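The next block holds one structure in the form of structure tokens; read it before the comments.
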There are 2 protein chains.
Amino acid sequence: MVVAGRQPLSRRRVLEEAVRFTDREGLEALTMRRLGSELGVKAMSLYNHVPNKSALLDGMVEVLLGELEVPPETHDWEERIKEGYRAFRRLAHEHPNVFPLLVNRPPDTMDGAWLVEELLQTLRRAGFERETALHAFRALSSYAFGYAMAEIRGFTLEPNGSRLGARSLSPAEFPNLCELAPYLEEVDHDREFEFGLELIIAGMRDRS
Amino acid sequence: MVVAGRQPLSRRRVLEEAVRFTDREGLEALTMRRLGSELGVKAMSLYNHVPNKSALLDGMVEVLLGELEVPPETHDWEERIKEGYRAFRRLAHEHPNVFPLLVNRPPDTMDGAWLVEELLQTLRRAGFERETALHAFRALSSYAFGYAMAEIRGFTLEPNGSRLGARSLSPAEFPNLCELAPYLEEVDHDREFEFGLELIIAGMRDRS
DNA sequence: ACCTGAACACCGTTCAAGT
DNA sequence: ACCTGAACACCGTTCAAGT
């Protein structure tokens, strides 16, 4: 006999609604007041489940990383590493408006640690030294994060699409950029991501 | 006979003060009202030089990228590429609180385009195909951006430092992470960044 | 042309009061 | 134990008014 959508509030329910709402409306639209009304409650009620907005955002990162799912083990260390980062990038696609929170709040919890552990493990078993494994792990992580962010927000150095279309791009000054301009819109991001992953792993192969 | 620091306002002066202030006080402290008072003026005066806050932030990215300085040409393409990304990363160190703006506002201007052009040019001259050059450029850019952001805000998957110190990290669950924990604080970021750069370039070498 | 005071519609957050 | 109304100290932004 419960009215639809009126289960009692809980930290978990608040966080999940915050993620759902942000995916739909964007991070800028997420205010305590709007989130409250989304849950059929006044803003102040949220403070019973979350100490403040900053903690709310941390909690959303927790929910995000909780959805990380890496397929079962394979025997090939290279494929295993790739699967890990594919799963990470998948988060960006599933929650494009929440994923960027990772920038401002590296996890205060242990939610991502198991993946770190597993990737390090994989590298150690593949024969890499302790420190080499760490550096390689961080190179791969930096790449995967940077690429996923670029997909969501645009590549940081490249002028954005509308500029590229305009004739503000003079062939005399920017011959290579101009040559690429028509092609840029159609780049297959899945393949491009794999290309970079393969590039780094190829570099590692030389070293193992 | 001008009173110190009371030159007339201009778009440029507003943007530069915004960058200086943000480096000092952080992005959260940057409000139109505080920036105004920093310039000895009321907030509303800023709207004479900048249409709104969003445009102010865009302008700050403009200032940031305007400081990009790549050393004069070398003959070695690999070294040339590295110099480009070192210069990019240097921006993060010089303006750690402004650099993250790149995430939210990929440049609406052409301020970074010359570096893109030059990097692409270097790759083409080194013998890479048009599309291969693009993919490699983006792999390198994603890595460099991801790494620089990680230096500023922390690595996105790794639990943060204070967690690592705590015994919340059980050696049974996270043997590899625990093994690295004491070492993590002392990692030389310059060397680690170079390691990753070299890794990607090594992967490219195989292909050229 | 540039600056300002007053005002508007918003924020996050606190706290005493209700059930 | 959980929710709320009223209030506080802030935001960005508009606009009519001043010089």
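Numbering starts fresh at 1 for the residues of each chain in the structure tokens, the chains themselves are lettered A, B, ... in the order given, and ligands are numbered from 1 as they appear.
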ask   = What's the 12 Å shell around C:DC15, counting only C-alpha atoms (C1' of nucleotides), without same-chain residues fewer than 4 positions away, as a VMD selection string?
value = (chain A and resid 44) or (chain D and resid 4 to 8)
Taking only C-alpha atoms into account, which residues of chain A are within 6 Å of chain B, as a short mmCIF file (atom, residue, chain, number, x, y, z; two decimals) with N, CA, C and O atoms, in the first residue's frame?
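Result file out_14.cif:
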data_model
loop_
_atom_site.label_atom_id
_atom_site.label_comp_id
_atom_site.auth_asym_id
_atom_site.auth_seq_id
_atom_site.Cartn_x
_atom_site.Cartn_y
_atom_site.Cartn_z
N LEU A 102 35.21 12.57 -10.83
CA LEU A 102 36.47 11.92 -10.46
C LEU A 102 37.63 12.92 -10.45
O LEU A 102 38.59 12.76 -9.71
N PRO A 106 39.17 12.61 -6.16
CA PRO A 106 39.74 11.27 -6.19
C PRO A 106 39.16 10.53 -5.00
O PRO A 106 38.94 11.15 -3.96
N PRO A 107 38.86 9.26 -5.18
CA PRO A 107 38.03 8.57 -4.22
C PRO A 107 38.58 8.62 -2.80
O PRO A 107 39.72 8.31 -2.54
N MET A 110 37.50 3.27 -0.68
CA MET A 110 38.31 2.22 -1.28
C MET A 110 37.65 1.62 -2.51
O MET A 110 38.03 0.54 -2.97
N GLY A 112 37.67 2.01 -5.68
CA GLY A 112 38.40 1.65 -6.89
C GLY A 112 39.61 0.79 -6.61
O GLY A 112 40.26 0.29 -7.54
N ALA A 113 39.90 0.59 -5.34
CA ALA A 113 41.16 -0.07 -4.97
C ALA A 113 41.28 -1.48 -5.51
O ALA A 113 42.37 -1.91 -5.90
N GLU A 117 44.43 -2.94 -7.45
CA GLU A 117 45.11 -4.15 -6.97
C GLU A 117 45.20 -5.20 -8.07
O GLU A 117 46.26 -5.78 -8.31
N ALA A 139 50.67 5.15 -16.11
CA ALA A 139 50.64 5.64 -17.49
C ALA A 139 49.32 5.22 -18.15
O ALA A 139 48.63 6.04 -18.77
N SER A 142 46.39 7.18 -16.55
CA SER A 142 46.35 8.57 -17.01
C SER A 142 45.78 8.64 -18.42
O SER A 142 44.94 9.48 -18.74
N TYR A 143 46.25 7.73 -19.26
CA TYR A 143 45.74 7.69 -20.62
C TYR A 143 44.25 7.43 -20.66
O TYR A 143 43.49 8.16 -21.31
N PHE A 145 41.94 7.71 -18.38
CA PHE A 145 41.15 8.80 -17.81
C PHE A 145 41.13 10.00 -18.75
O PHE A 145 40.08 10.58 -19.00
N GLY A 146 42.30 10.37 -19.24
CA GLY A 146 42.37 11.51 -20.16
C GLY A 146 41.53 11.30 -21.40
O GLY A 146 40.83 12.21 -21.85
N TYR A 147 41.57 10.09 -21.94
CA TYR A 147 40.80 9.83 -23.15
C TYR A 147 39.30 9.88 -22.88
O TYR A 147 38.54 10.50 -23.64
N GLY A 154 35.58 17.00 -24.73
CA GLY A 154 36.38 17.52 -25.84
C GLY A 154 37.86 17.44 -25.52
O GLY A 154 38.26 17.47 -24.36
N THR A 156 41.47 18.68 -24.95
CA THR A 156 41.79 19.96 -24.31
C THR A 156 42.55 20.94 -25.19
O THR A 156 42.41 22.14 -25.02
N LEU A 157 43.36 20.45 -26.10
CA LEU A 157 44.14 21.39 -26.90
C LEU A 157 43.47 21.72 -28.23
O LEU A 157 43.65 22.80 -28.78
N GLU A 158 42.73 20.77 -28.74
CA GLU A 158 42.10 20.98 -30.05
C GLU A 158 41.00 22.02 -29.97
O GLU A 158 40.21 22.01 -29.03
N PRO A 159 40.93 22.91 -30.93
CA PRO A 159 39.81 23.84 -30.98
C PRO A 159 38.54 23.03 -31.17
O PRO A 159 38.57 21.97 -31.79
N PHE A 174 47.47 26.45 -40.54
CA PHE A 174 47.24 25.14 -39.93
C PHE A 174 46.98 24.06 -40.97
O PHE A 174 45.91 23.46 -41.01
N LEU A 177 46.03 20.49 -39.47
CA LEU A 177 44.73 20.53 -38.83
C LEU A 177 43.61 20.60 -39.87
O LEU A 177 42.59 19.92 -39.76
N GLY A 196 45.39 3.59 -28.71
CA GLY A 196 46.26 4.13 -27.67
C GLY A 196 46.65 3.10 -26.64
O GLY A 196 47.80 3.03 -26.19
N LEU A 199 49.20 0.97 -28.10
CA LEU A 199 50.46 1.69 -28.20
C LEU A 199 51.25 1.59 -26.91
O LEU A 199 52.45 1.27 -26.89
N ILE A 200 50.59 1.84 -25.81
CA ILE A 200 51.26 1.80 -24.51
C ILE A 200 51.70 0.38 -24.19
O ILE A 200 52.83 0.15 -23.75
N ALA A 202 52.30 -1.98 -26.25
CA ALA A 202 53.42 -2.34 -27.13
C ALA A 202 54.73 -1.82 -26.56
O ALA A 202 55.75 -2.50 -26.57
N GLY A 203 54.68 -0.60 -26.04
CA GLY A 203 55.86 -0.04 -25.41
C GLY A 203 56.31 -0.85 -24.21
O GLY A 203 57.51 -1.01 -23.95
#
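For the pair atom CA of B:Asp58 and atom CA of B:Glu16, the interatomic distance is 12.2 Å.
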Each residue of chain C with at least one atom at most 12 Å from chain A should appear once, together with its nearest atom pair and the corresponding distance in Å (one decimal); atoms considered: only C-alpha atoms (C1' of nucleotides); ordering: chain, then increasing residue number; output as a tab-separated table.
residue	atom	partner	partner_atom	distance
C:DC10	C1'	A:Arg33	CA	10.5
C:DC11	C1'	A:Thr31	CA	8.0
C:DG12	C1'	A:Met32	CA	7.7
C:DT13	C1'	A:Asn52	CA	8.2
C:DT14	C1'	A:Met44	CA	9.8
C:DC15	C1'	A:Met44	CA	11.1
Suppose we keep N, CA, C and O atoms (P, O5', C5', C4', C3', O3' and C1' of nucleotides); can you now write the selection as a PDB file, in the first residue's frame?
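For reference, selection17.pdb as written:
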ATOM      1  P    DC C  10      14.249  31.235  -9.364  1.00  0.00           P
ATOM      2  O5'  DC C  10      14.980  30.988  -7.973  1.00  0.00           O
ATOM      3  C5'  DC C  10      15.779  29.862  -7.829  1.00  0.00           C
ATOM      4  C4'  DC C  10      17.262  30.274  -7.801  1.00  0.00           C
ATOM      5  C3'  DC C  10      18.060  29.359  -6.898  1.00  0.00           C
ATOM      6  O3'  DC C  10      18.474  28.227  -7.665  1.00  0.00           O
ATOM      7  C1'  DC C  10      18.691  31.658  -6.607  1.00  0.00           C
ATOM      8  P    DC C  11      18.432  26.764  -7.031  1.00  0.00           P
ATOM      9  O5'  DC C  11      19.924  26.665  -6.564  1.00  0.00           O
ATOM     10  C5'  DC C  11      20.191  27.018  -5.238  1.00  0.00           C
ATOM     11  C4'  DC C  11      21.637  27.265  -5.037  1.00  0.00           C
ATOM     12  C3'  DC C  11      22.106  26.546  -3.795  1.00  0.00           C
ATOM     13  O3'  DC C  11      22.848  25.413  -4.208  1.00  0.00           O
ATOM     14  C1'  DC C  11      22.381  28.885  -3.513  1.00  0.00           C
ATOM     15  P    DG C  12      22.629  24.021  -3.425  1.00  0.00           P
ATOM     16  O5'  DG C  12      23.463  24.288  -2.097  1.00  0.00           O
ATOM     17  C5'  DG C  12      24.864  24.483  -2.181  1.00  0.00           C
ATOM     18  C4'  DG C  12      25.403  24.841  -0.815  1.00  0.00           C
ATOM     19  C3'  DG C  12      25.196  23.752   0.233  1.00  0.00           C
ATOM     20  O3'  DG C  12      26.372  23.666   1.023  1.00  0.00           O
ATOM     21  C1'  DG C  12      24.109  25.758   0.936  1.00  0.00           C
ATOM     22  P    DT C  13      26.509  22.534   2.141  1.00  0.00           P
ATOM     23  O5'  DT C  13      25.829  23.260   3.383  1.00  0.00           O
ATOM     24  C5'  DT C  13      26.362  24.490   3.816  1.00  0.00           C
ATOM     25  C4'  DT C  13      25.589  24.984   5.016  1.00  0.00           C
ATOM     26  C3'  DT C  13      25.226  23.895   6.039  1.00  0.00           C
ATOM     27  O3'  DT C  13      25.863  24.226   7.263  1.00  0.00           O
ATOM     28  C1'  DT C  13      23.394  25.354   5.602  1.00  0.00           C
ATOM     29  P    DT C  14      25.734  23.329   8.565  1.00  0.00           P
ATOM     30  O5'  DT C  14      24.761  24.224   9.467  1.00  0.00           O
ATOM     31  C5'  DT C  14      24.976  25.619   9.505  1.00  0.00           C
ATOM     32  C4'  DT C  14      24.060  26.253  10.553  1.00  0.00           C
ATOM     33  C3'  DT C  14      23.737  25.364  11.753  1.00  0.00           C
ATOM     34  O3'  DT C  14      23.749  26.172  12.917  1.00  0.00           O
ATOM     35  C1'  DT C  14      21.734  25.999  10.667  1.00  0.00           C
ATOM     36  P    DC C  15      23.745  25.515  14.386  1.00  0.00           P
ATOM     37  O5'  DC C  15      22.278  25.874  14.906  1.00  0.00           O
ATOM     38  C5'  DC C  15      21.623  27.063  14.448  1.00  0.00           C
ATOM     39  C4'  DC C  15      20.160  27.045  14.886  1.00  0.00           C
ATOM     40  C3'  DC C  15      19.840  25.985  15.967  1.00  0.00           C
ATOM     41  O3'  DC C  15      18.833  26.498  16.825  1.00  0.00           O
ATOM     42  C1'  DC C  15      18.497  25.610  14.104  1.00  0.00           C
TER      43       DC C  15
END
Atomic separation - atom CA of A:Thr22 relative to atom CA of A:Val98, Å = 6.6 Å
task = With a distance cut-off of 12 Å and only C-alpha atoms (C1' of nucleotides), select the neighbouring residues of C:DC3, excluding the residue or stretch itself and same-chain residues fewer than 6 positions from it, and output the selection as number ranges by chain.
result = B: 8-9, 36, 40-49; D: 17-19
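Rounded to one decimal, atom CA of A:Pro71 and atom CA of A:Arg90 lie 12.4 Å from each other.
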